[in-house]
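Enquirer: The structure follows.
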Amino acid sequence: MSENPFEVLKEDMENEEVYLKVNAMHRVKVVATLLGSDKIKSQLIPYFETLLKKEDDEVLFALAEELGNIAQIIPNQSACLLSLLEQLAGFDETVVREQAVKSIAIVCGFLQDNEIANTIVPMIIKLASNDSNFTCRVSAVCLMCPLYARAGNQKEKIRQKFTELCSEETPMVRRAVATKIGEIAQFMDKIHVIQDLIPVLKQLCQDEQDQVRLLCMESLMNIAKILNSGENKTNILPLIIQSAEDKSWRVRLALSKIFADLAEAVGKEIADSSLIQIFSNLLKDTECDVRVIAVRSLARFIKFVSPEKLNLIVPLLQLLSKDPFSQVKQHACEVIGQIATLLPKEYSQSKLQQYLIDLMADDNQDVRRNAAKSAGQFAAAIGPEAMNQFVPFLKKCMDDPKWRVRKETMQTIIQLALTVKNPDVFNKQLESVFVMFLKDRAAEVRSMGITQLPALIATYKQEWAIGTFLSKCIETLSKDVGSLYRINALYAIQQISFAVDGPVAQDKLWPIVQKCLKDPVPNIRFVAIKVAKSLQKKIDNQQTLNQIKQSINELIEDPDRDVKFFAQEALQN
Amino acid sequence: MSDLDQWIAKLKNCQFLSEQEVIQLCTKAKEILISESNVEIVHTPVTVCGDIHGQFHDLIELFKVGGDCPNTNYLFLGDLVDRGFNSVETFLLLLAFKVRFPDRITIIRGNHESRQTTQVYGFYDECQRKYGSANVWRYCTDVFDYLTISAVIENRVFCVHGGLSPNIVEIDDVKSLDRKQEVPHEGAMCDLLWSDPEDITGWGVSPRGAGYIFGGDITKEFNKTNNYDFICRAHQLVLEGYKTMFDDQLITVWSAPNYCYRVGNQASILELDDNLEKKFKIFLAANVEQRGLIGRHPVPDYFL
């Protein structure tokens with residue numbers, strides 16, 4: 001490199017196109033490495049100072065990022081970058097100052113604790129006290145969190161400043177505080193959390209701006225994780241009660257989103273005694289968006305409540321399964337499936353089964369699909385004896401006009417068959433629904449049956465595969481059945497062939513395939529060639545193998561080009 | 001062969017081919033299409049599909065209902081390009097299927113398979129956007145000239161994109177046309193790609209400005225003369241996906257669900273089995289999840 005890299009950089013920065021300047025800025029790491037720490041301090045940094053006043057936000061964003069990279073090159077001297085970063089942290093443009101904050105955190109990674117206490121903390125306090133620019137104060141809040149732990153004897157100062165900022169007039173700063181208060185609590189001693197942060201949190205939960213109140217919710221959850229049950233009851237529970245009745249639906253929605261995590265954090269005692277009641281109200285909220293999110297959280301919430309208390313939820317499920325809003329019903333299906341695994345069998349059957357059956361017949365196809373999915377979980381939970389009353393409803397779902405619902409139902413039946421592992425139950429109840437895939441109108445449902453066949457054969461063995469199932473396949477191969485179904489049945493036979501031994505393949509399967517090789521429809525002929533290939537691998541009787549080879553050989557002269565091609569391909573290997 | 005299989009796999013993923021690959025594919029396609037008759041003979045079983053109009057993800061839905069090529073035989077009635085966001089991928093995928101399995105899929109020319117129409121209704125712009133030049137558009141429109149203009153299934157069902165022509169009485173009249181040209185503004189070839197059936201008697205002036213409208217009497221006469229059971233065509237949007245007219249002597253099949261991403265219509269395909277039994281399969285547009293990252297396009301102004 002004959003040209004001075006620094007000069008190259010300065011030249012690039014004279015460009016008019018912003019994207020070229022941004023690209024140049026991203027190469028600054030190379031320049032810095034070549035310059036070395038002394039020249040970085042004496043030349044590069046002063047040059048950057050000049051850029052701050054005139055450059056576009058995009059360039060400055062790149063600069064903020066690169067300063068973090070440069071810190072990694074000169075770790076021991078990275079403090080020299082702080083003054084630039086401090087200025088960038090005060091910029092109007094959000095992404096620039098967020099990036100600056102990130103880079104400052106990188107720089108701090110290379111500093112000793114006492115340097116943090118002596119240099120960084122004063123910088124943070126300065127930013128936080130900057131009356132003219134609210135952006136500085138926002139950045140200060142963001143910086144306080146990761147650095148609090150290392151602030152040493154300055155911790156008190158930071159706490160003080162933090163609590164001061166929560167009473168700010170500027171809502172942007174209060175929003176930043178609301179977001180970060182949960183984070184900073186993780187680094188504080190519990191006593192300070194209770195003494196200093198809780199009052200702040202209380203105040204913010206009553207803020208006049210709903211955005212601020214909304215952002216408190218996540219912090220609420222994070223703080224609840226630190227406190228013990230008693231402390232949560234005194235401090236957090238009143239705030240939950242208050243927020244659940246907030247006049248802004250957005251706050252109620254934010255609360256609903258984290259409700260399951262809250263229940264986990266505060267523990268079973270409070271969840272049982274108070275949270276169920278509060279959550280019931282959210283599930284009946286007048287605003288449909290709140291109900292949707294609440295139902296979604298409900299599926300997880302039920303895990304953190306004592307099973308005896310779950311019967312308080314059940315009447316709510318009745319309401320939710322009749323909700324006018326289909327998304328609510330969709331998620332209600334999931335809850336019913338989940339809750340059935342936690343409640344006693346007879347209870348689920350008597351109370352919940354009807355709701356699920358109604359949902360399986362809903363007008364909306366997504367609701368029906370989710371209901372079919374949850375039906376699997378439900379049926380597995382109520383056990384094989386009770387299942388036989390329930391499976392007929394699943395069978396009805398196979399008449400659904402929407403193939404996605406039928407596919408989901410088929411998936412459920414197959415899952416049930418694989419988990420129950422009981423040939424009696426399978427043969428009496430499930431098998432007749434499963435074989436419906438052979439005649440389904442949609443190719444996707446038919447091929448799904450084929451892909452799941454190996455697992456079923458592995459569970460229910462050769463006896464079923466070459467018994468009732470094979471006879472169903474043969475039925476489907478009769479002349480007056482549509483060719484697409486015949487092709488599917490052939491693929492089913494191929495799957496059977498993978499699971500049986502030579503003699504069975506020879507006696508039971510080859511004769512069928514042999515006939516198909518002479519089918520008038522070319523598509524069936526070339527699919528039969530593929531199946532015959534699979535049979536060849538299983539059979540060891542030389543006479544039969546010759547027969548197979550002979551039959552495929554005849555197709556080399558077939559009038560159809562694709563049959564000829566697949567025959568040639570089969571004989572080559 | 002393996003090149004083609006690679007191209008098919010790529011296109012099924014909604015990734016368009018490189019310009020070089022398009023040249024190769026189009027060259028191969030022309031070699032195959034040039035030997036097709038103006039009235040291509042098609043055997044049952046076959047699944048007949050109507051307009052696709054570049055709605056690639058809905059074409060994938062179609063394959064999920066109708067089955068994959070080559071196990072299912074397909075007959076596409078044209079209008080594969082224009083209006084949708086993925087005319088390129090749609091056309092190239094079907095063309096690749098045609099080259100790989102020439103006897104398993106038949107493609108008929110629609111009125112949108114034309115240089116003039118594609119410059120107005122989106123295919124030209126899409127090629128420009130995706131390839132940076134008009135070359136691919138030129139190669140594809142050259143292939144359009146080679147596409148056949150009609151098909152007959154088992155000597156019983158006449159398939160064409162638009163409809164009938166006063167200049168076509170017997171099927172031999174179609175065979176004697178010279179089809180290897182840009183779609184003309186008038187004449188028999190134009191009529192076959194532009195006409196519409198209508199509840200009138202005789203012939204009428206078409207509101208489209210090309211082709212004619214024709215009534216049930218014309219249809220029945222044509223079918224009687226040529227010994228056809230019915231005519232199968234596309235060209236007109238049908239909310240229910242398919243429509244039968246004139247005592248089942250004419251069927252319209254439409255395979256673009258939620259046309260232009262806003263009409264909210266159903267789509268259908270017609271499965272004709274070994275014994276010419278008719279089965280209509282209805283399907284809807286693919287969900288947002290299936291479409292993947294298609295979101296960011298500004299709505300082009302060639303939408304209806």
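Scheme for the structure tokens: letters A, B, ... for chains in order shown; per-chain residue numbers from 1; ligand numbers from 1 in order shown.
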Quick one: contact table of chain A to chain B, 10 Å max, nearest atom pair and distance in Å to one decimal per residue, counting only C-alpha atoms, chain and number order, as CSV?

Expert:
residue,atom,partner,partner_atom,distance
A:Pro401,CA,B:Ile282,CA,9.2
A:Lys402,CA,B:Phe283,CA,8.3
A:Trp403,CA,B:Val65,CA,8.1
A:Asp440,CA,B:Val65,CA,9.9
A:Arg441,CA,B:Val65,CA,7.4
A:Ala442,CA,B:Val65,CA,4.3
A:Ala443,CA,B:Gly67,CA,4.8
A:Glu444,CA,B:Lys64,CA,5.1
A:Val445,CA,B:Val65,CA,8.4
A:Arg446,CA,B:Gly67,CA,9.2
A:Ser447,CA,B:Gly67,CA,8.9
A:Lys479,CA,B:Asp274,CA,9.6
A:Asp480,CA,B:Asn275,CA,8.6
A:Val481,CA,B:Asp273,CA,9.1
A:Gly482,CA,B:Asp273,CA,6.1
A:Ser483,CA,B:Asp273,CA,6.9
A:Leu484,CA,B:Thr72,CA,7.0
A:Ile487,CA,B:Asn71,CA,7.6
A:Asn488,CA,B:Asn71,CA,9.5
A:Pro520,CA,B:Asp274,CA,9.1
A:Val521,CA,B:Pro45,CA,7.5
A:Pro522,CA,B:Asn71,CA,9.4
A:Asn523,CA,B:Asn71,CA,5.8
A:Ile524,CA,B:Asn71,CA,8.0
A:Phe526,CA,B:Asn71,CA,8.8
A:Val527,CA,B:Asn71,CA,7.8
A:Asp560,CA,B:Asp103,CA,8.0
A:Arg561,CA,B:Asp103,CA,7.5
A:Asp562,CA,B:Phe101,CA,7.3

Enquirer: Can those selected residues be exported to a file as an mmCIF file, in the first residue's frame so that it contains N, CA, C and O atoms?

Expert:
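Output file part_34.cif is given in full below:
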data_model
loop_
_atom_site.group_PDB
_atom_site.id
_atom_site.type_symbol
_atom_site.label_atom_id
_atom_site.label_comp_id
_atom_site.auth_asym_id
_atom_site.auth_seq_id
_atom_site.Cartn_x
_atom_site.Cartn_y
_atom_site.Cartn_z
ATOM 1 N N PRO A 401 -64.355 -29.864 4.218
ATOM 2 C CA PRO A 401 -64.035 -29.434 2.856
ATOM 3 C C PRO A 401 -62.621 -28.884 2.700
ATOM 4 O O PRO A 401 -62.085 -28.874 1.606
ATOM 5 N N LYS A 402 -61.970 -28.499 3.789
ATOM 6 C CA LYS A 402 -60.640 -27.897 3.670
ATOM 7 C C LYS A 402 -59.567 -28.951 3.909
ATOM 8 O O LYS A 402 -59.519 -29.594 4.963
ATOM 9 N N TRP A 403 -58.666 -29.134 2.931
ATOM 10 C CA TRP A 403 -57.715 -30.231 3.051
ATOM 11 C C TRP A 403 -56.742 -30.043 4.201
ATOM 12 O O TRP A 403 -56.244 -31.019 4.765
ATOM 13 N N ASP A 440 -58.374 -39.864 -0.209
ATOM 14 C CA ASP A 440 -58.592 -38.434 -0.007
ATOM 15 C C ASP A 440 -58.430 -37.667 -1.314
ATOM 16 O O ASP A 440 -57.615 -37.991 -2.154
ATOM 17 N N ARG A 441 -59.218 -36.581 -1.435
ATOM 18 C CA ARG A 441 -59.237 -35.817 -2.685
ATOM 19 C C ARG A 441 -57.950 -35.032 -2.913
ATOM 20 O O ARG A 441 -57.616 -34.680 -4.036
ATOM 21 N N ALA A 442 -57.236 -34.704 -1.821
ATOM 22 C CA ALA A 442 -56.076 -33.821 -1.971
ATOM 23 C C ALA A 442 -54.793 -34.627 -1.938
ATOM 24 O O ALA A 442 -54.588 -35.474 -1.068
ATOM 25 N N ALA A 443 -53.894 -34.357 -2.899
ATOM 26 C CA ALA A 443 -52.654 -35.108 -3.002
ATOM 27 C C ALA A 443 -51.834 -35.017 -1.719
ATOM 28 O O ALA A 443 -51.212 -35.983 -1.297
ATOM 29 N N GLU A 444 -51.833 -33.847 -1.094
ATOM 30 C CA GLU A 444 -51.006 -33.630 0.090
ATOM 31 C C GLU A 444 -51.432 -34.550 1.239
ATOM 32 O O GLU A 444 -50.584 -35.068 1.966
ATOM 33 N N VAL A 445 -52.734 -34.766 1.405
ATOM 34 C CA VAL A 445 -53.209 -35.656 2.477
ATOM 35 C C VAL A 445 -52.821 -37.091 2.148
ATOM 36 O O VAL A 445 -52.357 -37.846 3.008
ATOM 37 N N ARG A 446 -52.959 -37.450 0.871
ATOM 38 C CA ARG A 446 -52.587 -38.809 0.468
ATOM 39 C C ARG A 446 -51.102 -39.058 0.713
ATOM 40 O O ARG A 446 -50.719 -40.097 1.249
ATOM 41 N N SER A 447 -50.269 -38.096 0.316
ATOM 42 C CA SER A 447 -48.824 -38.357 0.490
ATOM 43 C C SER A 447 -48.409 -38.322 1.944
ATOM 44 O O SER A 447 -47.450 -38.970 2.336
ATOM 45 N N LYS A 479 -59.859 -51.560 -10.965
ATOM 46 C CA LYS A 479 -59.893 -50.796 -12.216
ATOM 47 C C LYS A 479 -60.737 -49.538 -12.184
ATOM 48 O O LYS A 479 -60.421 -48.555 -12.840
ATOM 49 N N ASP A 480 -61.842 -49.558 -11.448
ATOM 50 C CA ASP A 480 -62.724 -48.400 -11.540
ATOM 51 C C ASP A 480 -62.378 -47.296 -10.542
ATOM 52 O O ASP A 480 -63.088 -46.312 -10.430
ATOM 53 N N VAL A 481 -61.268 -47.472 -9.847
ATOM 54 C CA VAL A 481 -60.832 -46.390 -8.966
ATOM 55 C C VAL A 481 -59.902 -45.466 -9.758
ATOM 56 O O VAL A 481 -59.147 -45.917 -10.611
ATOM 57 N N GLY A 482 -59.962 -44.186 -9.492
ATOM 58 C CA GLY A 482 -59.174 -43.203 -10.222
ATOM 59 C C GLY A 482 -57.683 -43.505 -10.198
ATOM 60 O O GLY A 482 -57.150 -44.044 -9.229
ATOM 61 N N SER A 483 -56.995 -43.135 -11.285
ATOM 62 C CA SER A 483 -55.586 -43.490 -11.410
ATOM 63 C C SER A 483 -54.717 -42.853 -10.335
ATOM 64 O O SER A 483 -53.727 -43.433 -9.894
ATOM 65 N N LEU A 484 -55.064 -41.650 -9.902
ATOM 66 C CA LEU A 484 -54.232 -41.005 -8.889
ATOM 67 C C LEU A 484 -54.271 -41.780 -7.578
ATOM 68 O O LEU A 484 -53.275 -41.883 -6.871
ATOM 69 N N ILE A 487 -52.095 -44.906 -7.991
ATOM 70 C CA ILE A 487 -50.664 -44.592 -7.834
ATOM 71 C C ILE A 487 -50.308 -44.527 -6.349
ATOM 72 O O ILE A 487 -49.288 -45.054 -5.905
ATOM 73 N N ASN A 488 -51.165 -43.879 -5.571
ATOM 74 C CA ASN A 488 -50.910 -43.744 -4.149
ATOM 75 C C ASN A 488 -50.869 -45.110 -3.462
ATOM 76 O O ASN A 488 -50.005 -45.369 -2.626
ATOM 77 N N PRO A 520 -52.994 -49.959 -18.244
ATOM 78 C CA PRO A 520 -53.100 -49.099 -19.420
ATOM 79 C C PRO A 520 -52.607 -47.675 -19.207
ATOM 80 O O PRO A 520 -52.229 -46.997 -20.158
ATOM 81 N N VAL A 521 -52.584 -47.191 -17.963
ATOM 82 C CA VAL A 521 -52.145 -45.810 -17.729
ATOM 83 C C VAL A 521 -50.622 -45.779 -17.555
ATOM 84 O O VAL A 521 -50.079 -46.438 -16.667
ATOM 85 N N PRO A 522 -49.902 -44.989 -18.373
ATOM 86 C CA PRO A 522 -48.425 -45.003 -18.313
ATOM 87 C C PRO A 522 -47.880 -44.592 -16.945
ATOM 88 O O PRO A 522 -46.888 -45.138 -16.469
ATOM 89 N N ASN A 523 -48.535 -43.628 -16.288
ATOM 90 C CA ASN A 523 -48.040 -43.183 -14.998
ATOM 91 C C ASN A 523 -47.977 -44.341 -14.008
ATOM 92 O O ASN A 523 -47.045 -44.463 -13.216
ATOM 93 N N ILE A 524 -49.008 -45.199 -14.045
ATOM 94 C CA ILE A 524 -49.022 -46.327 -13.119
ATOM 95 C C ILE A 524 -47.919 -47.306 -13.488
ATOM 96 O O ILE A 524 -47.256 -47.870 -12.607
ATOM 97 N N PHE A 526 -44.950 -46.604 -14.790
ATOM 98 C CA PHE A 526 -43.600 -46.244 -14.339
ATOM 99 C C PHE A 526 -43.477 -46.169 -12.817
ATOM 100 O O PHE A 526 -42.394 -46.374 -12.266
ATOM 101 N N VAL A 527 -44.570 -45.901 -12.123
ATOM 102 C CA VAL A 527 -44.501 -45.988 -10.658
ATOM 103 C C VAL A 527 -44.312 -47.449 -10.258
ATOM 104 O O VAL A 527 -43.525 -47.767 -9.355
ATOM 105 N N ASP A 560 -44.674 -45.431 -24.346
ATOM 106 C CA ASP A 560 -44.540 -44.171 -23.615
ATOM 107 C C ASP A 560 -43.076 -43.892 -23.277
ATOM 108 O O ASP A 560 -42.356 -44.756 -22.760
ATOM 109 N N ARG A 561 -42.619 -42.646 -23.542
ATOM 110 C CA ARG A 561 -41.202 -42.314 -23.363
ATOM 111 C C ARG A 561 -40.745 -42.401 -21.916
ATOM 112 O O ARG A 561 -39.641 -42.834 -21.617
ATOM 113 N N ASP A 562 -41.627 -41.952 -20.998
ATOM 114 C CA ASP A 562 -41.211 -41.940 -19.593
ATOM 115 C C ASP A 562 -41.137 -43.358 -19.044
ATOM 116 O O ASP A 562 -40.232 -43.682 -18.276
#

Enquirer: Could you tell me, as a PyMOL selection string, which residues of range 76-294 of chain B DSSP assigns to strand (DSSP E or B) when given the backbone?

Expert: chain B and resi 76+105-108+148+150-153+157-160+196-197+203-205+212-214+230-233+242-245+250-253+267-272+278-283

Enquirer: Would you return as a PyMOL selection string the members of range 42-233 of chain B that DSSP assigns to helix (DSSP H, G or I) on this structure's backbone?

Expert: chain B and resi 56-66+87-100+115-121+123-131+135-144+171-175+188-194+216-226

Enquirer: Using only C-alpha atoms, can you tell me which of B:Gly122, B:Gly78, B:Pro257, B:Gly187 comes closest to Ile60 in chain B?

Expert: B:Pro257

Enquirer: Residues within 6 Å of range 134-137 of chain B, please, as a list in words. Count only C-alpha atoms; anything in the same chain fewer than 5 positions from it doesn't count.

Expert: Tyr124, Cys127 and Gln128 of chain B

Enquirer: Dump C-alpha atoms for the selected residues as a PDB file, in the first residue's frame?

Expert:
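See again.pdb below for the written result:
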ATOM      1  CA  TYR B 124     -41.785  -7.427 -19.111  1.00  0.00           C
ATOM      2  CA  CYS B 127     -37.993  -9.553 -16.160  1.00  0.00           C
ATOM      3  CA  GLN B 128     -36.393  -6.106 -16.122  1.00  0.00           C
TER       4      GLN B 128
END

Enquirer: Which residues come within 12 Å of Ala29 in chain B, counting only C-alpha atoms, excluding same-chain residues fewer than 4 positions away, as a PyMOL selection string?

Expert: chain B and resi 4+22-25+33-36+91-102+106-107+139-140+142-147

Enquirer: Which residues are close to range 298-300 of chain A, i.e. within 8 Å by only C-alpha atoms, leaving aside same-chain residues fewer than 5 positions away? Reply as a PyMOL selection string.

Expert: chain A and resi 260+334-335+338-339

Enquirer: Determine, counting only C-alpha atoms, which protein, DNA and RNA residues have an atom within 12 Å of an atom of Tyr259 in chain B; residues of the same chain fewer than 3 positions away are not included. Present the result as a VMD selection string.

Expert: chain B and resid 51 to 56 58 82 to 85 236 to 241 254 to 256 262 to 267 284 to 286 303 to 304

Enquirer: Can you tell me which residues surround Val121 in chain A at a distance of at most 12 Å, considering only C-alpha atoms, apart from same-chain residues fewer than 5 positions away, and format the answer as number ranges by chain?

Expert: A: 104, 108, 113-116, 126-128, 140-141, 143-159, 161

Enquirer: Please measure the separation of CA of Gly50 in chain B and CA of Ala234 in chain B, giving the value in Å to one decimal.

Expert: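 Going from CA of Gly50 in chain B over to CA of Ala234 in chain B, I get 5.0 Å.
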